[in-house]
Amino acid sequence: VDLGATHREAFQKLAGWGLPVNPHAVLCRDIEEVVSRLAEWDDRRRGLPYETDGLVVKVDRLALRDELGATSKHPRWCIAYKFSAEQAQSVLRSVDYQVGKMGTITPRANMDPVELCGTTVAHATLHNWDQIDRLGVMIGDTVVIEKAGEIIPQVVGVVLELRPDDVKPITPPTACPACGGAVERGEGVVAFHCVNSECPAQLKERII
């Protein structure tokens with residue numbers, strides 16, 4: 001099937017055959033116009049009927065794509081541009097711990113519910129205790145949260161000027177929150193682990 005010499009021509013032919021194509025695709029004549037479009041869509045994307053975290057910029061001429069080729073992982077003729085993640089603030093009320101299939105214990109922030117990227121968020125990952133130390137976050141703090149890849153809420157900062165006097169430090173678990181078994185943190189490892197291979201939380205996550 002001849003789709004033409006350019007990506008734009010291919011889109012036009014596909015649309016003419018009744019196939020769905022993105023109606024927002026535009027042809028930019030130079031990099032300045034690309035940059036302008038990126039800035040424009042950082043605002044316009046909020047009016048779309050679906051979530052999007054960026055745009056894809058492609059070389060239009062198909063012959064140039066063949067000439068540019070690809071690396072072992074990615075084509076050299078296109079690139080994904082990611083928008084800055086939307087952020088919100090909330091108060092960290094408590095921290096609980098989730099046990100993964102390999103026993104990794106991940107601290108999870110429990111916060112006052114807040115709207116973020118069209119959903120209500122009340123929990124966010126704190127990743128590990130190195131991250132907690134790096135942020136200097138404490139229970140009672142006002143924290144900054146964003147969605148990693150527009151999906152997973154995570155704590156990325158602390159609003160220190162709003163810190164109350166009664167904040168409490170976040171302490172790592174001394175026992176597995178699921179089975180009560182021993183936990184350990186190897187040298188140079190950022191996470192604590194439950195060492196009980198029969199831990200029900202680990203078994204559940206393995207099945208999932």
# chains A, B, ... in the order shown; residues from 1 in each chain; ligands from 1
>>> residues_around(residues="Asp30 in chain A", least_positions_apart="2", cutoff="12 Å", atoms="only C-alpha atoms", output="ChimeraX atom specification")
/A:27-28,32-37,57-60
>>> residues_around(residues="range 122-133 of chain A", least_positions_apart="2", cutoff="7 Å", atoms="only C-alpha atoms", output="list in words")
Thr106, Pro107, Arg108, Ala109, Asn110, Met111, Asp112, Pro113, Val114, Thr120, Leu135, Gly136, Val137, Pro153, Gln154, Val155, Val190 and Ala191 of chain A
>>> write_last_selection(atoms="all heavy atoms", output="CSV table (one decimal), in the first residue's frame")
chain,number,residue,atom,x,y,z
A,106,THR,N,8.0,-1.0,51.3
A,106,THR,CA,7.9,0.4,50.8
A,106,THR,C,7.0,1.3,51.7
A,106,THR,O,5.9,0.9,52.0
A,106,THR,CB,7.3,0.3,49.4
A,106,THR,OG1,8.1,-0.5,48.5
A,106,THR,CG2,7.2,1.7,48.8
A,107,PRO,N,7.5,2.4,52.1
A,107,PRO,CA,6.7,3.3,52.9
A,107,PRO,C,5.7,4.1,52.0
A,107,PRO,O,6.1,4.5,51.0
A,107,PRO,CB,7.8,4.3,53.5
A,107,PRO,CG,8.9,4.2,52.6
A,107,PRO,CD,8.9,2.9,52.0
A,108,ARG,N,4.5,4.2,52.5
A,108,ARG,CA,3.4,4.9,51.8
A,108,ARG,C,2.8,6.0,52.7
A,108,ARG,O,2.5,5.8,53.8
A,108,ARG,CB,2.3,3.9,51.4
A,108,ARG,CG,1.2,4.5,50.6
A,108,ARG,CD,0.1,3.5,50.2
A,108,ARG,NE,-0.8,3.2,51.4
A,108,ARG,CZ,-2.0,2.7,51.3
A,108,ARG,NH1,-2.5,2.4,50.1
A,108,ARG,NH2,-2.7,2.5,52.4
A,109,ALA,N,2.8,7.1,52.1
A,109,ALA,CA,2.2,8.3,52.8
A,109,ALA,C,0.7,8.3,52.7
A,109,ALA,O,0.1,8.1,51.7
A,109,ALA,CB,2.8,9.6,52.1
A,110,ASN,N,0.1,8.5,53.9
A,110,ASN,CA,-1.4,8.7,54.0
A,110,ASN,C,-1.6,10.2,54.2
A,110,ASN,O,-1.1,10.8,55.2
A,110,ASN,CB,-1.9,7.9,55.1
A,110,ASN,CG,-1.6,6.4,54.9
A,110,ASN,OD1,-1.9,5.9,53.9
A,110,ASN,ND2,-1.1,5.8,56.0
A,111,MET,N,-2.4,10.8,53.3
A,111,MET,CA,-2.5,12.3,53.4
A,111,MET,C,-4.0,12.7,53.3
A,111,MET,O,-4.9,11.9,53.1
A,111,MET,CB,-1.8,12.9,52.1
A,111,MET,CG,-0.4,12.4,51.9
A,111,MET,SD,0.2,12.8,50.3
A,111,MET,CE,-0.9,11.9,49.3
A,112,ASP,N,-4.2,14.0,53.6
A,112,ASP,CA,-5.5,14.6,53.4
A,112,ASP,C,-5.8,14.4,51.9
A,112,ASP,O,-5.0,14.8,51.1
A,112,ASP,CB,-5.6,16.0,53.8
A,112,ASP,CG,-5.5,16.2,55.3
A,112,ASP,OD1,-5.7,15.2,56.0
A,112,ASP,OD2,-5.1,17.3,55.7
A,113,PRO,N,-7.0,14.0,51.5
A,113,PRO,CA,-7.3,13.9,50.0
A,113,PRO,C,-7.2,15.2,49.3
A,113,PRO,O,-7.6,16.2,49.8
A,113,PRO,CB,-8.8,13.4,50.0
A,113,PRO,CG,-9.0,12.8,51.4
A,113,PRO,CD,-8.1,13.6,52.3
A,114,VAL,N,-6.6,15.1,48.1
A,114,VAL,CA,-6.4,16.3,47.3
A,114,VAL,C,-6.6,15.9,45.8
A,114,VAL,O,-6.3,14.8,45.4
A,114,VAL,CB,-5.0,16.9,47.5
A,114,VAL,CG1,-3.9,15.9,47.1
A,114,VAL,CG2,-4.8,18.2,46.8
A,120,THR,N,-8.8,12.0,42.8
A,120,THR,CA,-8.6,12.3,44.2
A,120,THR,C,-7.5,11.4,44.8
A,120,THR,O,-7.5,10.2,44.7
A,120,THR,CB,-9.9,12.1,45.0
A,120,THR,OG1,-10.9,12.9,44.5
A,120,THR,CG2,-9.6,12.4,46.5
A,135,LEU,N,14.5,14.0,51.5
A,135,LEU,CA,13.4,15.0,51.5
A,135,LEU,C,13.4,15.7,52.9
A,135,LEU,O,12.9,16.8,53.0
A,135,LEU,CB,12.1,14.4,51.2
A,135,LEU,CG,11.9,13.8,49.8
A,135,LEU,CD1,10.5,13.1,49.7
A,135,LEU,CD2,12.0,14.9,48.7
A,136,GLY,N,13.8,15.0,53.9
A,136,GLY,CA,13.6,15.5,55.3
A,136,GLY,C,12.2,15.6,55.7
A,136,GLY,O,11.8,16.4,56.5
A,137,VAL,N,11.4,14.7,55.2
A,137,VAL,CA,9.9,14.7,55.4
A,137,VAL,C,9.6,14.1,56.8
A,137,VAL,O,10.2,13.1,57.2
A,137,VAL,CB,9.1,14.0,54.3
A,137,VAL,CG1,9.5,12.6,54.2
A,137,VAL,CG2,7.6,14.2,54.5
A,153,PRO,N,1.2,8.4,42.2
A,153,PRO,CA,1.5,9.5,43.1
A,153,PRO,C,2.7,9.3,43.9
A,153,PRO,O,2.9,8.2,44.5
A,153,PRO,CB,0.2,9.6,44.0
A,153,PRO,CG,-0.8,8.8,43.2
A,153,PRO,CD,-0.1,7.8,42.5
A,154,GLN,N,3.5,10.3,44.0
A,154,GLN,CA,4.8,10.2,44.8
A,154,GLN,C,5.0,11.6,45.5
A,154,GLN,O,4.6,12.6,45.0
A,154,GLN,CB,6.0,9.9,44.0
A,154,GLN,CG,6.3,10.9,42.8
A,154,GLN,CD,7.4,10.5,42.0
A,154,GLN,OE1,8.3,9.7,42.5
A,154,GLN,NE2,7.5,11.0,40.8
A,155,VAL,N,5.6,11.5,46.7
A,155,VAL,CA,6.0,12.7,47.4
A,155,VAL,C,7.3,13.2,46.9
A,155,VAL,O,8.3,12.4,46.8
A,155,VAL,CB,6.1,12.4,48.9
A,155,VAL,CG1,6.6,13.6,49.7
A,155,VAL,CG2,4.8,12.0,49.5
A,190,VAL,N,18.9,0.4,49.7
A,190,VAL,CA,18.1,1.5,50.1
A,190,VAL,C,16.8,1.1,50.8
A,190,VAL,O,16.1,1.8,51.5
A,190,VAL,CB,17.7,2.4,48.9
A,190,VAL,CG1,19.0,3.0,48.3
A,190,VAL,CG2,16.9,1.7,47.8
A,191,ALA,N,16.4,-0.2,50.6
A,191,ALA,CA,15.1,-0.7,51.1
A,191,ALA,C,15.3,-1.7,52.2
A,191,ALA,O,16.3,-2.4,52.3
A,191,ALA,CB,14.3,-1.3,50.0
>>> select_by_dssp(residues="range 8-39 of chain A", states="alpha helix (DSSP H)", output="list in words")
Arg8, Glu9, Ala10, Phe11, Gln12, Lys13, Leu14, Ala15, Gly16, Ile31, Glu32, Glu33, Val34, Val35, Ser36, Arg37, Leu38 and Ala39 of chain A
>>> residues_around(residues="Glu51 in chain A", least_positions_apart="5", cutoff="10 Å", atoms="only C-alpha atoms", output="list in words")
Arg45, Arg46, Cys117, Gly118 and Glu150 of chain A
>>> write_last_selection(atoms="all heavy atoms", output="PDB file, in the first residue's frame")
ATOM      1  N   ARG A  45      -3.811  20.690  26.558  1.00  0.00           N
ATOM      2  CA  ARG A  45      -4.040  19.274  26.876  1.00  0.00           C
ATOM      3  C   ARG A  45      -5.088  19.072  27.960  1.00  0.00           C
ATOM      4  O   ARG A  45      -5.754  18.042  28.013  1.00  0.00           O
ATOM      5  CB  ARG A  45      -2.729  18.609  27.306  1.00  0.00           C
ATOM      6  CG  ARG A  45      -2.142  19.145  28.625  1.00  0.00           C
ATOM      7  CD  ARG A  45      -0.767  18.563  28.855  1.00  0.00           C
ATOM      8  NE  ARG A  45      -0.090  19.133  30.006  1.00  0.00           N
ATOM      9  CZ  ARG A  45       0.184  18.455  31.123  1.00  0.00           C
ATOM     10  NH1 ARG A  45      -0.179  17.201  31.242  1.00  0.00           N
ATOM     11  NH2 ARG A  45       0.829  19.045  32.118  1.00  0.00           N
ATOM     12  N   ARG A  46      -5.279  20.084  28.820  1.00  0.00           N
ATOM     13  CA  ARG A  46      -6.247  19.953  29.896  1.00  0.00           C
ATOM     14  C   ARG A  46      -7.688  19.993  29.385  1.00  0.00           C
ATOM     15  O   ARG A  46      -8.615  19.634  30.096  1.00  0.00           O
ATOM     16  CB  ARG A  46      -6.012  21.048  30.938  1.00  0.00           C
ATOM     17  CG  ARG A  46      -4.694  20.870  31.677  1.00  0.00           C
ATOM     18  CD  ARG A  46      -4.340  22.035  32.573  1.00  0.00           C
ATOM     19  NE  ARG A  46      -3.118  21.787  33.306  1.00  0.00           N
ATOM     20  CZ  ARG A  46      -1.895  21.957  32.826  1.00  0.00           C
ATOM     21  NH1 ARG A  46      -1.740  22.405  31.597  1.00  0.00           N
ATOM     22  NH2 ARG A  46      -0.825  21.686  33.558  1.00  0.00           N
ATOM     23  N   CYS A 117      -4.429  15.774  38.787  1.00  0.00           N
ATOM     24  CA  CYS A 117      -4.578  15.185  37.453  1.00  0.00           C
ATOM     25  C   CYS A 117      -5.922  14.500  37.272  1.00  0.00           C
ATOM     26  O   CYS A 117      -6.018  13.420  36.702  1.00  0.00           O
ATOM     27  CB  CYS A 117      -3.452  14.194  37.159  1.00  0.00           C
ATOM     28  SG  CYS A 117      -1.805  14.910  37.162  1.00  0.00           S
ATOM     29  N   GLY A 118      -6.965  15.120  37.803  1.00  0.00           N
ATOM     30  CA  GLY A 118      -8.303  14.613  37.579  1.00  0.00           C
ATOM     31  C   GLY A 118      -8.753  13.505  38.506  1.00  0.00           C
ATOM     32  O   GLY A 118      -9.850  12.963  38.343  1.00  0.00           O
ATOM     33  N   GLU A 150       2.377  10.516  35.180  1.00  0.00           N
ATOM     34  CA  GLU A 150       0.949  10.827  35.243  1.00  0.00           C
ATOM     35  C   GLU A 150       0.136   9.676  35.828  1.00  0.00           C
ATOM     36  O   GLU A 150      -1.084   9.617  35.677  1.00  0.00           O
ATOM     37  CB  GLU A 150       0.408  11.180  33.845  1.00  0.00           C
ATOM     38  CG  GLU A 150       1.109  12.354  33.178  1.00  0.00           C
ATOM     39  CD  GLU A 150       0.743  13.702  33.780  1.00  0.00           C
ATOM     40  OE1 GLU A 150      -0.390  13.838  34.264  1.00  0.00           O
ATOM     41  OE2 GLU A 150       1.584  14.594  33.764  1.00  0.00           O
TER      42      GLU A 150
END
>>> closest_atom_pairs(of="range 38-154 of chain A", to="range 194-197 of chain A", cutoff="8 Å", atoms="only C-alpha atoms", output="JSON lines")
{"residue": "A:Val99", "atom": "CA", "partner": "A:Cys194", "partner_atom": "CA", "distance": 7.7}
{"residue": "A:Gly103", "atom": "CA", "partner": "A:Cys194", "partner_atom": "CA", "distance": 4.8}
{"residue": "A:Thr104", "atom": "CA", "partner": "A:Cys194", "partner_atom": "CA", "distance": 6.6}
{"residue": "A:Ile105", "atom": "CA", "partner": "A:Cys194", "partner_atom": "CA", "distance": 7.0}
>>> select_by_dssp(residues="chain A", states="strand (DSSP E or B)", output="ChimeraX atom specification")
/A:6,54-58,61,70,75,78-82,87-99,104-116,119-125,139,142-148,152-158,168,183-184,192-194
>>> closest_residue(among="A:Val189, A:Val158, A:Met102, A:Ile152", to="Leu203 in chain A", atoms="only C-alpha atoms")
A:Met102
>>> atom_distance(atom1="CA of Leu3 in chain A", atom2="CA of Ala80 in chain A")
23.4 Å
>>> atom_distance(atom1="CA of Ala175 in chain A", atom2="CA of Ala148 in chain A")
29.0 Å
